[in-house]
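Student: To be precise about what I am sending: the file is called model_18.cif and holds mmCIF, C-alpha atoms.
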```cif
data_structure
loop_
_atom_site.label_atom_id
_atom_site.label_comp_id
_atom_site.auth_asym_id
_atom_site.auth_seq_id
_atom_site.Cartn_x
_atom_site.Cartn_y
_atom_site.Cartn_z
CA MET A 1 124.58 95.83 108.37
CA ALA A 2 121.84 96.90 106.02
CA LEU A 3 118.46 97.62 107.57
CA ILE A 4 114.93 98.04 106.23
CA THR A 5 113.85 101.19 108.04
CA ALA A 6 110.44 101.84 106.47
CA GLY A 7 107.84 100.70 103.98
CA VAL A 8 105.79 102.78 101.59
CA GLY A 9 102.60 101.71 99.84
CA SER A 10 101.31 103.71 96.89
CA SER A 11 99.17 103.53 93.79
CA HIS A 12 101.11 104.08 90.56
CA VAL A 13 98.47 105.55 88.25
CA PRO A 14 100.03 106.54 84.89
CA LEU A 15 97.96 109.74 84.74
CA LEU A 16 99.85 111.01 87.80
CA GLY A 17 103.05 110.85 85.78
CA VAL A 18 101.38 112.93 83.06
CA ALA A 19 100.11 115.48 85.61
CA HIS A 20 103.54 115.67 87.25
CA ASP A 21 105.42 116.02 83.96
CA GLN A 22 103.02 118.67 82.58
CA GLY A 23 102.87 120.75 85.77
CA LYS A 24 99.17 120.07 86.45
CA ASP A 25 99.83 118.59 89.88
CA ARG A 26 98.29 121.48 91.80
CA ASP A 27 95.17 122.05 89.69
CA ASP A 28 91.66 121.41 91.02
CA TYR A 29 91.61 117.78 89.94
CA PHE A 30 95.12 116.67 90.89
CA GLY A 31 95.74 119.03 93.84
CA PRO A 32 94.02 116.83 96.46
CA ILE A 33 95.90 113.79 95.15
CA PHE A 34 99.37 115.32 95.19
CA ALA A 35 98.78 117.12 98.51
CA GLY A 36 98.58 113.70 100.14
CA TYR A 37 102.19 113.09 99.15
CA ASP A 38 103.61 116.38 100.53
CA TRP A 39 104.23 114.85 103.96
CA THR A 40 106.06 111.92 102.39
CA ARG A 41 108.28 114.12 100.20
CA ALA A 42 109.46 116.08 103.24
CA TRP A 43 109.94 112.85 105.20
CA GLU A 44 111.94 111.22 102.38
CA ARG A 45 114.24 114.27 102.21
CA ALA A 46 114.99 113.76 105.91
CA GLU A 47 115.21 109.96 105.78
CA LYS A 48 117.66 109.86 102.84
CA PRO A 49 117.31 106.15 102.02
CA ASP A 50 120.37 104.73 100.25
CA VAL A 51 118.34 102.14 98.37
CA VAL A 52 114.67 101.49 97.68
CA ILE A 53 113.52 97.96 96.89
CA LEU A 54 110.66 98.92 94.61
CA VAL A 55 107.97 96.27 94.18
CA TYR A 56 105.86 96.96 91.08
CA ASN A 57 104.38 95.35 88.02
CA ASP A 58 105.39 95.89 84.43
CA HIS A 59 102.46 96.87 82.16
CA ALA A 60 103.43 95.21 78.90
CA SER A 61 106.55 97.38 78.56
CA ALA A 62 109.73 95.48 79.42
CA PHE A 63 107.93 92.14 79.32
CA ASP A 64 105.58 90.97 76.61
CA MET A 65 103.93 87.53 76.63
CA LYS A 66 107.09 85.70 75.51
CA ILE A 67 108.28 85.37 79.10
CA ILE A 68 106.09 85.80 82.20
CA PRO A 69 108.12 85.67 85.43
CA THR A 70 106.14 85.56 88.68
CA PHE A 71 108.87 87.30 90.69
CA ALA A 72 111.78 89.04 88.94
CA ILE A 73 114.56 91.08 90.55
CA GLY A 74 116.68 93.74 88.84
CA CYS A 75 120.42 93.26 89.34
CA GLY A 76 121.51 95.74 86.67
CA GLU A 77 123.46 98.99 86.84
CA ARG A 78 120.84 101.29 85.29
CA TYR A 79 117.31 101.25 83.87
CA ALA A 80 115.91 103.75 81.35
CA PRO A 81 112.26 104.92 81.41
CA ALA A 82 110.23 102.81 78.97
CA ASP A 83 108.46 104.12 75.88
CA GLU A 84 104.87 103.13 76.65
CA GLY A 85 103.55 104.41 73.34
CA TRP A 86 103.79 108.15 73.93
CA GLY A 87 107.60 108.33 74.13
CA PRO A 88 109.61 107.76 77.34
CA ARG A 89 108.88 109.97 80.38
CA LYS A 90 111.48 112.72 80.72
CA VAL A 91 112.61 111.61 84.16
CA PRO A 92 116.10 110.51 85.19
CA ASP A 93 117.37 107.01 84.54
CA VAL A 94 116.95 104.73 87.54
CA ILE A 95 120.28 103.71 89.04
CA GLY A 96 120.42 100.15 90.34
CA HIS A 97 122.40 98.61 93.17
CA PRO A 98 123.77 95.43 91.56
CA ASP A 99 125.63 94.26 94.67
CA LEU A 100 122.51 94.42 96.83
CA GLY A 101 120.30 93.10 94.01
CA TRP A 102 122.49 90.04 93.46
CA HIS A 103 122.82 89.52 97.21
CA ILE A 104 119.03 89.52 97.64
CA ALA A 105 118.58 87.28 94.59
CA GLN A 106 121.04 84.69 95.93
CA SER A 107 119.54 84.81 99.41
CA LEU A 108 115.98 84.43 98.12
CA ILE A 109 116.89 81.45 95.95
CA LEU A 110 118.56 79.72 98.92
CA ASP A 111 115.42 80.62 100.86
CA GLU A 112 113.44 78.60 98.26
CA PHE A 113 112.02 81.48 96.18
CA ASP A 114 112.68 80.85 92.48
CA MET A 115 113.60 84.33 91.33
CA THR A 116 114.07 85.50 87.76
CA ILE A 117 117.16 87.70 87.49
CA ILE A 118 117.09 90.71 85.18
CA ASN A 119 120.21 92.61 84.15
CA GLU A 120 118.77 94.77 81.38
CA MET A 121 115.30 96.27 81.04
CA ASP A 122 113.41 99.53 80.72
CA VAL A 123 111.08 100.51 83.55
CA ASP A 124 107.56 101.82 83.00
CA HIS A 125 105.15 104.01 84.96
CA GLY A 126 104.70 101.27 87.55
CA LEU A 127 108.17 102.13 88.79
CA THR A 128 108.77 105.75 87.73
CA VAL A 129 105.44 107.24 88.90
CA PRO A 130 106.04 106.26 92.55
CA LEU A 131 109.53 107.80 92.34
CA SER A 132 107.99 111.08 91.09
CA MET A 133 105.31 111.01 93.78
CA MET A 134 107.85 110.49 96.58
CA PHE A 135 110.72 112.69 95.28
CA GLY A 136 109.12 115.26 92.94
CA HIS A 137 111.10 116.98 90.18
CA VAL A 138 114.78 116.06 90.50
CA ASP A 139 117.81 115.99 88.22
CA SER A 140 118.70 112.54 89.48
CA TRP A 141 116.82 110.20 91.82
CA PRO A 142 118.19 110.62 95.35
CA CYS A 143 118.65 106.89 95.95
CA LYS A 144 119.47 103.68 94.19
CA VAL A 145 116.67 101.29 93.29
CA VAL A 146 116.40 97.52 93.21
CA PRO A 147 113.34 96.81 91.02
CA LEU A 148 111.25 93.80 91.97
CA ALA A 149 108.65 92.98 89.33
CA VAL A 150 105.62 90.82 90.10
CA ASN A 151 103.25 89.23 87.60
CA VAL A 152 99.75 90.44 88.47
CA VAL A 153 98.44 90.35 84.89
CA THR A 154 98.38 86.71 83.74
CA TYR A 155 96.53 84.38 86.13
CA PRO A 156 97.33 83.03 88.57
CA PRO A 157 99.39 85.79 90.15
CA PRO A 158 101.19 84.83 93.38
CA SER A 159 98.98 84.46 96.45
CA GLY A 160 98.92 87.14 99.11
CA ASN A 161 100.46 84.66 101.52
CA ARG A 162 103.35 83.98 99.13
CA CYS A 163 103.90 87.71 98.68
CA TRP A 164 103.99 88.27 102.44
CA ALA A 165 106.45 85.39 102.86
CA LEU A 166 108.63 86.84 100.07
CA GLY A 167 108.72 90.10 102.00
CA GLU A 168 109.87 88.25 105.11
CA ALA A 169 112.61 86.58 103.06
CA ILE A 170 113.69 89.95 101.60
CA ALA A 171 114.05 91.31 105.14
CA ARG A 172 116.32 88.36 106.04
CA ALA A 173 118.34 88.93 102.87
CA VAL A 174 118.80 92.65 103.52
CA ALA A 175 119.77 92.02 107.15
CA SER A 176 122.65 89.80 105.96
CA PHE A 177 124.07 92.41 103.54
CA PRO A 178 127.34 93.57 105.12
CA GLU A 179 127.25 97.30 104.22
CA ASP A 180 125.65 99.80 106.60
CA ILE A 181 122.90 101.16 104.38
CA ASN A 182 119.41 102.52 104.92
CA VAL A 183 116.94 100.50 102.84
CA GLN A 184 113.25 101.15 102.24
CA ILE A 185 110.80 98.81 100.58
CA TRP A 186 107.90 100.16 98.55
CA GLY A 187 104.83 98.24 97.45
CA THR A 188 103.13 99.95 94.52
CA GLY A 189 99.95 99.46 92.48
CA GLY A 190 96.28 99.33 93.49
CA MET A 191 93.93 100.28 95.12
CA SER A 192 90.48 99.35 93.80
CA HIS A 193 90.11 99.66 90.04
CA GLN A 194 88.79 97.76 87.08
CA LEU A 195 90.01 98.71 83.63
CA GLN A 196 87.96 96.29 81.55
CA GLY A 197 84.49 95.05 80.71
CA GLU A 198 81.05 96.26 81.67
CA ARG A 199 82.04 96.56 85.34
CA ALA A 200 84.83 99.09 84.57
CA GLY A 201 85.19 101.89 87.09
CA LEU A 202 84.52 99.81 90.20
CA ILE A 203 85.61 101.55 93.42
CA ASN A 204 85.23 100.11 96.92
CA ALA A 205 86.51 102.71 99.38
CA GLU A 206 85.36 100.71 102.39
CA TRP A 207 87.36 97.65 101.34
CA ASP A 208 90.43 99.73 100.41
CA ASN A 209 90.44 101.32 103.84
CA MET A 210 90.00 97.93 105.50
CA PHE A 211 93.14 96.87 103.59
CA LEU A 212 95.05 99.98 104.71
CA ASP A 213 93.96 99.34 108.32
CA GLY A 214 95.22 95.78 108.03
CA LEU A 215 98.73 96.89 107.10
CA ILE A 216 99.10 98.59 110.49
CA GLY A 217 99.96 96.82 113.72
CA GLU A 218 100.17 93.07 114.14
CA SER A 219 97.35 92.01 111.83
CA GLU A 220 98.14 89.15 109.47
CA HIS A 221 94.66 88.50 108.07
CA LEU A 222 95.50 90.28 104.81
CA ARG A 223 97.84 87.47 103.78
CA ARG A 224 94.92 85.03 103.71
CA ILE A 225 92.65 87.03 101.36
CA PRO A 226 92.10 84.87 98.25
CA HIS A 227 92.38 86.34 94.74
CA ILE A 228 88.63 86.03 94.17
CA ASP A 229 87.94 88.48 97.01
CA TYR A 230 90.20 91.15 95.49
CA LEU A 231 88.43 90.65 92.17
CA ARG A 232 84.90 90.73 93.55
CA GLU A 233 85.47 93.60 95.97
CA THR A 234 88.00 95.87 94.27
CA GLY A 235 87.84 95.07 90.55
CA SER A 236 90.03 93.07 88.24
CA GLU A 237 93.07 95.34 88.67
CA GLY A 238 92.66 95.63 92.45
CA ILE A 239 94.68 92.39 92.53
CA GLU A 240 97.76 94.66 92.35
CA MET A 241 97.37 95.12 96.10
CA VAL A 242 99.07 91.74 96.69
CA MET A 243 102.29 93.63 95.90
CA TRP A 244 101.77 95.78 99.01
CA LEU A 245 101.94 92.56 101.04
CA ILE A 246 105.57 92.02 99.95
CA MET A 247 106.33 95.43 101.48
CA ARG A 248 104.30 94.64 104.60
CA GLY A 249 105.88 91.21 105.07
CA ALA A 250 109.34 92.80 104.99
CA LEU A 251 108.52 95.08 107.94
CA GLY A 252 108.22 92.28 110.50
CA PRO A 253 105.48 91.26 112.91
CA ALA A 254 104.12 94.73 113.66
CA THR A 255 104.14 98.20 112.12
CA ARG A 256 103.34 101.79 112.98
CA ALA A 257 101.67 104.08 110.45
CA LEU A 258 103.43 107.41 109.97
CA HIS A 259 101.21 108.81 107.21
CA ARG A 260 98.10 107.78 105.31
CA HIS A 261 96.24 109.20 102.31
CA TYR A 262 93.22 108.00 100.32
CA HIS A 263 91.36 109.75 97.53
CA VAL A 264 88.81 108.95 94.80
CA PRO A 265 89.06 109.34 91.87
CA CYS A 266 92.26 109.48 89.88
CA SER A 267 91.44 108.51 86.31
CA ASN A 268 89.74 105.10 86.72
CA THR A 269 90.99 104.34 90.20
CA ALA A 270 91.31 105.21 93.86
CA ILE A 271 94.60 106.57 95.19
CA GLY A 272 95.93 104.84 98.27
CA HIS A 273 99.16 105.76 100.02
CA ILE A 274 100.64 104.79 103.38
CA VAL A 275 104.02 105.12 105.11
CA LEU A 276 104.89 102.46 107.69
CA GLU A 277 107.79 101.69 109.97
CA PRO A 278 108.58 98.45 111.75
CA ALA A 279 107.50 98.24 115.38
CA SER A 280 108.34 95.44 117.72
CA PRO A 281 105.20 93.67 119.00
CA LEU A 282 106.20 94.48 122.59
CA SER A 283 106.40 98.20 122.01
CA SER A 284 103.39 98.57 119.73
CA GLY A 285 101.01 99.31 122.60
CA ALA A 286 103.42 101.56 124.48
CA MET B 287 96.80 79.08 102.72
CA SER B 288 95.04 81.76 100.73
CA GLY B 289 92.32 80.42 98.49
CA PRO B 290 91.47 77.23 96.65
CA LYS B 291 94.28 74.88 95.68
CA ASP B 292 92.07 73.14 93.14
CA ILE B 293 92.69 74.87 89.81
CA HIS B 294 89.17 74.06 88.57
CA ASP B 295 87.51 75.64 91.62
CA TYR B 296 89.86 78.60 91.31
CA LEU B 297 88.98 79.23 87.67
CA ALA B 298 85.25 78.55 88.05
CA ALA B 299 84.87 81.34 90.59
CA PHE B 300 86.08 83.93 88.05
CA GLU B 301 83.12 83.14 85.79
CA ASP B 302 80.81 84.31 88.58
CA ILE B 303 81.96 87.95 88.49
CA PRO B 304 79.63 90.13 86.38
CA GLY B 305 81.11 92.13 83.50
CA THR B 306 84.65 90.84 84.00
CA ARG B 307 86.99 88.73 81.84
CA VAL B 308 89.83 87.48 84.00
CA PHE B 309 93.07 86.95 82.04
CA THR B 310 93.35 83.23 82.67
CA ALA B 311 95.77 80.83 80.99
CA ALA B 312 93.00 79.86 78.54
CA ARG B 313 92.65 83.51 77.48
CA ALA B 314 96.42 83.99 77.45
CA ARG B 315 96.74 81.00 75.11
CA GLN B 316 93.89 82.13 72.84
CA GLY B 317 95.08 85.72 72.73
CA TYR B 318 98.83 85.23 72.44
CA HIS B 319 99.21 86.62 68.92
CA LEU B 320 96.51 89.27 69.46
CA ASN B 321 98.44 90.62 72.44
CA GLN B 322 101.80 90.35 70.70
CA PHE B 323 100.35 92.26 67.73
CA ALA B 324 99.22 95.00 70.14
CA MET B 325 102.64 94.97 71.78
CA SER B 326 104.28 95.56 68.39
CA LEU B 327 102.68 99.03 68.37
CA MET B 328 105.20 100.08 71.04
CA LYS B 329 107.59 100.82 68.15
CA PRO B 330 107.04 104.11 66.27
CA GLU B 331 107.84 102.56 62.87
CA ASN B 332 105.18 99.87 63.45
CA ARG B 333 102.62 102.49 64.49
CA GLU B 334 103.20 104.29 61.19
CA ARG B 335 102.73 101.11 59.15
CA TRP B 336 99.60 100.22 61.19
CA LYS B 337 98.07 103.65 60.64
CA ALA B 338 98.81 103.51 56.91
CA ASP B 339 96.91 100.23 56.38
CA GLU B 340 95.41 98.53 59.43
CA ALA B 341 94.06 95.48 57.60
CA ALA B 342 97.34 94.79 55.84
CA TYR B 343 99.26 95.14 59.11
CA LEU B 344 96.88 92.72 60.86
CA ASP B 345 97.34 90.20 58.06
CA GLU B 346 101.00 89.90 59.08
CA TRP B 347 99.84 88.27 62.34
CA PRO B 348 98.31 84.79 62.76
CA LEU B 349 95.04 86.10 64.19
CA SER B 350 91.58 84.58 63.71
CA ASP B 351 89.15 86.43 61.45
CA ALA B 352 87.07 87.22 64.54
CA GLN B 353 90.08 88.74 66.31
CA LYS B 354 90.94 90.85 63.26
CA ALA B 355 87.35 92.08 62.95
CA ALA B 356 87.18 92.97 66.65
CA VAL B 357 90.43 94.96 66.42
CA LEU B 358 89.32 96.84 63.29
CA ALA B 359 85.96 97.62 64.96
CA ARG B 360 87.75 98.65 68.21
CA ASP B 361 85.30 96.39 70.04
CA TYR B 362 87.32 96.06 73.25
CA ASN B 363 84.96 93.73 75.09
CA HIS B 364 85.03 91.36 72.13
CA MET B 365 88.82 91.59 72.00
CA LEU B 366 88.85 90.61 75.70
CA ASP B 367 86.52 87.70 74.92
CA LEU B 368 88.97 86.53 72.25
CA GLY B 369 91.97 86.52 74.57
CA GLY B 370 93.06 90.14 74.63
CA ASN B 371 94.45 91.71 77.77
CA ILE B 372 93.81 95.34 78.58
CA TYR B 373 97.47 96.25 79.21
CA PHE B 374 98.42 94.92 75.78
CA LEU B 375 95.33 96.33 74.07
CA SER B 376 96.18 99.73 75.54
CA LYS B 377 98.82 100.00 72.80
CA VAL B 378 95.97 100.04 70.25
CA PHE B 379 94.00 102.81 71.92
CA SER B 380 97.10 104.85 72.77
CA THR B 381 97.99 104.70 69.06
CA ASP B 382 94.46 105.99 68.40
CA GLY B 383 95.23 108.91 70.75
CA LEU B 384 92.76 107.77 73.41
CA SER B 385 93.36 107.85 77.16
CA PHE B 386 92.70 104.89 79.46
CA LEU B 387 89.59 106.65 80.73
CA GLN B 388 88.21 107.18 77.23
CA ALA B 389 88.85 103.60 76.16
CA VAL B 390 87.71 101.99 79.40
CA SER B 391 84.45 103.93 79.45
CA THR B 392 83.45 102.48 76.07
CA MET B 393 83.68 98.95 77.48
CA SER B 394 81.15 99.75 80.19
CA GLY B 395 78.58 100.91 77.62
CA MET B 396 78.60 104.46 78.98
CA SER B 397 79.44 107.72 77.28
CA VAL B 398 82.82 109.18 78.26
CA ALA B 399 81.04 112.08 79.99
CA ASP B 400 78.72 109.81 81.99
CA TYR B 401 81.60 107.54 82.98
CA GLU B 402 83.70 110.51 84.08
CA ALA B 403 80.77 111.83 86.13
CA MET B 404 80.40 108.39 87.76
CA MET B 405 84.10 108.35 88.68
CA ASN B 406 83.97 111.87 90.05
CA ALA B 407 81.04 110.80 92.23
CA GLY B 408 83.12 107.98 93.76
CA GLY B 409 83.09 105.32 91.05
CA ARG B 410 80.92 102.29 90.38
CA SER B 411 79.56 100.72 93.57
CA PRO B 412 80.38 97.05 94.17
CA GLU B 413 76.78 96.53 95.32
CA GLY B 414 75.09 94.02 93.01
CA VAL B 415 78.18 93.33 90.85
CA ARG B 416 80.16 91.00 93.11
CA SER B 417 78.53 87.69 92.15
CA LYS B 418 76.12 86.57 89.46
CA LYS B 419 74.91 83.53 91.41
CA GLU B 420 74.38 85.33 94.68
CA ALA B 421 73.17 88.57 93.07
CA ARG B 422 75.14 90.68 95.54
#
```
Would you put the structure from the file into structure tokens?

Tutor:
Amino acid sequence: MALITAGVGSSHVPLLGVAHDQGKDRDDYFGPIFAGYDWTRAWERAEKPDVVILVYNDHASAFDMKIIPTFAIGCGERYAPADEGWGPRKVPDVIGHPDLGWHIAQSLILDEFDMTIINEMDVDHGLTVPLSMMFGHVDSWPCKVVPLAVNVVTYPPPSGNRCWALGEAIARAVASFPEDINVQIWGTGGMSHQLQGERAGLINAEWDNMFLDGLIGESEHLRRIPHIDYLRETGSEGIEMVMWLIMRGALGPATRALHRHYHVPCSNTAIGHIVLEPASPLSSGA
Amino acid sequence: MSGPKDIHDYLAAFEDIPGTRVFTAARARQGYHLNQFAMSLMKPENRERWKADEAAYLDEWPLSDAQKAAVLARDYNHMLDLGGNIYFLSKVFSTDGLSFLQAVSTMSGMSVADYEAMMNAGGRSPEGVRSKKEAR
């Protein structure tokens, strides 16, 4: 059967895609940011996931305001990088896994999550920057991807609790997929940042690290953080962190941290990155 | 449970955050055409027409006079007040050749250089900008 073997959390700052594509990733500014992903790149080469369920938000690329789905899952064959106004990133097309995507979609709907199903769309930096950070320069991405898009732009976004519960439901769905495949789930976006208004540039490293701490072990308090706390403490765009809770919820009652990285600044934001694996509650103290 | 279930309590709390316009349904409704106009600049042919005559291009959209004036003046805070959302409005400043950092800094009333220096020093502290009422 299919198994979720690990979870990855990561910011998806568009400027990182620019630095990666233009070969600036080891300069004085970007070097400390990219160095925090070196461990993960080596680990991913060894782990060889077959599929990544990639939780992200679209930034007015595939979706405009005509349709605003809260949770949308990609069931298509292939997704091209979106033109976000500067021309599409020159990175490989993202290859989907329609059988797994449809399986998860069906399972989630029976599990009382009202999913929007997407067969055709382009994917923006929210999805392609994490792939570059984890896999570097490649001719084709080394795994298939099931995109899972979350509305974190138009209020209200889903609650942290709902995101966590969706993650739990995704884990049940994956566990009932009959093929033996290695699946990872990534939660992307965040950490603290505010891209608007007089308070732009807000960074709360203490809160971000509290959030990273909370992803590890058996803690569940993160699922009860209300939206207003994200907004007050981490800025208007810090709300993207609810997407990490989908990843965390899918890993079960307890986790172990394999790698962690935090850095300020990258453009207007803080970079957060963590690699987790499921741990049974009984073995977590062993 | 994670937060208020009463929509009025939920929305009221957002008004207590200094220097922040949360993209609520009211703003989404007010700014629908403003954001869809910005979204239209994703297409190269539209960018060319926009650059050739901004006012004429804006007149093709059912925007209020105040929205049109704010766009032409590139007054981003005012555009946010009138229902704009930063991810949509980014199509306007990317068409102008500005980065997120350059555009965002102007909203905070700082020069680009001062804003960049603040970010390099760890960003804006949350101290004093969490709540208007509680001044914390």

Student: Which of these, B:Ala421, B:Met325, B:Leu344, B:Ala403, has the shortest distance to chain A once you count all atoms listed in the file?

Tutor: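 Among the listed residues, the smallest separation from chain A belongs to B:Met325.
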
Student: List the spatial neighbours of Gln316 (chain B) as a tab-separated table (two decimals) with C-alpha atoms, keeping the file's coordinate frame - criterion: any atom at most 9 Å away, only C-alpha atoms, same-chain residues fewer than 4 positions off excluded.

Tutor:
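This went into part.tsv:
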```
chain	number	residue	atom	x	y	z
B	311	ALA	CA	95.77	80.83	80.99
B	312	ALA	CA	93.00	79.86	78.54
B	320	LEU	CA	96.51	89.27	69.46
B	368	LEU	CA	88.97	86.53	72.25
B	369	GLY	CA	91.97	86.52	74.57
B	370	GLY	CA	93.06	90.14	74.63
```

Student: Any idea which chain B residues end up within 6 Å of chain A if we count all atoms listed in the file, as a PyMOL selection string please?

Tutor: chain B and resi 288-289+305-306+309-310+328+363+373-374+390+393-394+405-406+408-410+416

Student: Take the residues from that selection and write them out as a PDB file, in the coordinates of the input, keeping C-alpha atoms.

Tutor:
```pdb
ATOM      1  CA  SER B 288      95.040  81.760 100.730  1.00  0.00           C
ATOM      2  CA  GLY B 289      92.320  80.420  98.490  1.00  0.00           C
ATOM      3  CA  GLY B 305      81.110  92.130  83.500  1.00  0.00           C
ATOM      4  CA  THR B 306      84.650  90.840  84.000  1.00  0.00           C
ATOM      5  CA  PHE B 309      93.070  86.950  82.040  1.00  0.00           C
ATOM      6  CA  THR B 310      93.350  83.230  82.670  1.00  0.00           C
ATOM      7  CA  MET B 328     105.200 100.080  71.040  1.00  0.00           C
ATOM      8  CA  ASN B 363      84.960  93.730  75.090  1.00  0.00           C
ATOM      9  CA  TYR B 373      97.470  96.250  79.210  1.00  0.00           C
ATOM     10  CA  PHE B 374      98.420  94.920  75.780  1.00  0.00           C
ATOM     11  CA  VAL B 390      87.710 101.990  79.400  1.00  0.00           C
ATOM     12  CA  MET B 393      83.680  98.950  77.480  1.00  0.00           C
ATOM     13  CA  SER B 394      81.150  99.750  80.190  1.00  0.00           C
ATOM     14  CA  MET B 405      84.100 108.350  88.680  1.00  0.00           C
ATOM     15  CA  ASN B 406      83.970 111.870  90.050  1.00  0.00           C
ATOM     16  CA  GLY B 408      83.120 107.980  93.760  1.00  0.00           C
ATOM     17  CA  GLY B 409      83.090 105.320  91.050  1.00  0.00           C
ATOM     18  CA  ARG B 410      80.920 102.290  90.380  1.00  0.00           C
ATOM     19  CA  ARG B 416      80.160  91.000  93.110  1.00  0.00           C
TER      20      ARG B 416
END
```

Student: Taking (90.0, 98.8, 76.4) in the file's coordinates as the center, which residues reach within 9 Å of it, counting all atoms listed in the file, put as a VMD selection string?

Tutor: (chain A and resid 195 to 197) or (chain B and resid 360 to 363 365 to 366 371 to 373 375 to 376 378 to 379 386 to 393)

Student: Residues near Glu420 (chain B), anyone? I mean within 12 Å using only C-alpha atoms, not counting same-chain ones fewer than 3 positions away, as a PyMOL selection string.

Tutor: (chain A and resi 232) or (chain B and resi 299+302-304+413-417)

Student: Using all atoms listed in the file, determine which residues lie at most 12 Å from Asn57 (chain A), disregarding the query and same-chain residues fewer than 5 positions distant; provide the list as a PyMOL selection string.

Tutor: (chain A and resi 11-13+62-63+68-73+123-130+147-154+157+187-190+237+239-244) or (chain B and resi 373)

Student: Of the candidates A:Thr116, A:Leu16, A:Ala6, A:Phe34, which one gets nearest to Ile67 (chain A) if we count all atoms listed in the file?

Tutor: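 Ranking A:Thr116, A:Leu16, A:Ala6, A:Phe34 by distance to Ile67 (chain A), first place goes to A:Thr116.
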
Student: In Å, rounded to a single decimal, give me how far CA of Asp93 (chain A) is from CA of Ala19 (chain A).

Tutor: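 Spanning CA of Ala19 (chain A) to CA of Asp93 (chain A) is a straight-line distance of 19.3 Å.
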
Student: Determine, counting all atoms listed in the file, every residue of protein, DNA or RNA that lies within 10 Å of (102.7, 92.6, 66.3) in the file coordinates, then give the result as a list in words.

Tutor: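 Checking each residue against the 10 Å limit leaves His319, Leu320, Asn321, Gln322, Phe323, Ala324, Met325, Ser326, Leu327, Met328, Lys329, Asn332, Trp336, Tyr343, Leu344, Glu346, Trp347 and Pro348 of chain B.
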
Student: Name the residues captured by the PyMOL selection byres ((chain A and resi 278) around 8) when it is applied to the shown file; answer as a list in words.

Tutor: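 Checking the PyMOL selection byres ((chain A and resi 278) around 8) against this file, the residues are Thr5, Ala6, Leu251, Gly252, Pro253, Ala254, Thr255, Arg256, Leu276, Glu277, Ala279 and Ser280 of chain A.
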
Student: To one decimal place in Å, what is the distance between CA of Ala35 (chain A) and CA of His137 (chain A)?

Tutor: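 Spanning CA of Ala35 (chain A) to CA of His137 (chain A) is a straight-line distance of 14.9 Å.
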
Student: So, with all atoms listed in the file as the atoms that count, which of A:Met191, A:Val52, A:Leu166, A:Val183 lies closest to Met1 (chain A)?

Tutor: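 Closest to Met1 (chain A) of all the choices is A:Val183.
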
Student: Could you give me region 17-25 of chain A completed to N, CA, C and O atoms, formatted as a PDB file, in the frame of the given file?

Tutor:
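Final output, saved to selection.pdb:
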```pdb
ATOM      1  N   GLY A  17     101.798 110.501  86.448  1.00  0.00           N
ATOM      2  CA  GLY A  17     103.050 110.850  85.780  1.00  0.00           C
ATOM      3  C   GLY A  17     102.830 111.965  84.773  1.00  0.00           C
ATOM      4  O   GLY A  17     103.626 112.905  84.675  1.00  0.00           O
ATOM      5  N   VAL A  18     101.723 111.892  84.047  1.00  0.00           N
ATOM      6  CA  VAL A  18     101.380 112.930  83.060  1.00  0.00           C
ATOM      7  C   VAL A  18     101.180 114.274  83.780  1.00  0.00           C
ATOM      8  O   VAL A  18     101.727 115.303  83.371  1.00  0.00           O
ATOM      9  N   ALA A  19     100.387 114.250  84.872  1.00  0.00           N
ATOM     10  CA  ALA A  19     100.110 115.480  85.610  1.00  0.00           C
ATOM     11  C   ALA A  19     101.402 116.081  86.166  1.00  0.00           C
ATOM     12  O   ALA A  19     101.631 117.298  86.106  1.00  0.00           O
ATOM     13  N   HIS A  20     102.256 115.220  86.692  1.00  0.00           N
ATOM     14  CA  HIS A  20     103.540 115.670  87.250  1.00  0.00           C
ATOM     15  C   HIS A  20     104.412 116.278  86.162  1.00  0.00           C
ATOM     16  O   HIS A  20     104.963 117.368  86.318  1.00  0.00           O
ATOM     17  N   ASP A  21     104.513 115.589  85.028  1.00  0.00           N
ATOM     18  CA  ASP A  21     105.420 116.020  83.960  1.00  0.00           C
ATOM     19  C   ASP A  21     104.924 117.301  83.286  1.00  0.00           C
ATOM     20  O   ASP A  21     105.713 118.089  82.778  1.00  0.00           O
ATOM     21  N   GLN A  22     103.586 117.490  83.262  1.00  0.00           N
ATOM     22  CA  GLN A  22     103.020 118.670  82.580  1.00  0.00           C
ATOM     23  C   GLN A  22     102.689 119.799  83.540  1.00  0.00           C
ATOM     24  O   GLN A  22     102.054 120.783  83.142  1.00  0.00           O
ATOM     25  N   GLY A  23     103.068 119.667  84.810  1.00  0.00           N
ATOM     26  CA  GLY A  23     102.870 120.750  85.770  1.00  0.00           C
ATOM     27  C   GLY A  23     101.409 120.985  86.160  1.00  0.00           C
ATOM     28  O   GLY A  23     101.026 122.079  86.552  1.00  0.00           O
ATOM     29  N   LYS A  24     100.592 119.925  86.068  1.00  0.00           N
ATOM     30  CA  LYS A  24      99.170 120.070  86.450  1.00  0.00           C
ATOM     31  C   LYS A  24      98.916 119.583  87.870  1.00  0.00           C
ATOM     32  O   LYS A  24      97.765 119.422  88.279  1.00  0.00           O
ATOM     33  N   ASP A  25      99.988 119.302  88.612  1.00  0.00           N
ATOM     34  CA  ASP A  25      99.830 118.590  89.880  1.00  0.00           C
ATOM     35  C   ASP A  25      99.163 119.404  90.980  1.00  0.00           C
ATOM     36  O   ASP A  25      98.807 118.851  92.016  1.00  0.00           O
TER      37      ASP A  25
END
```
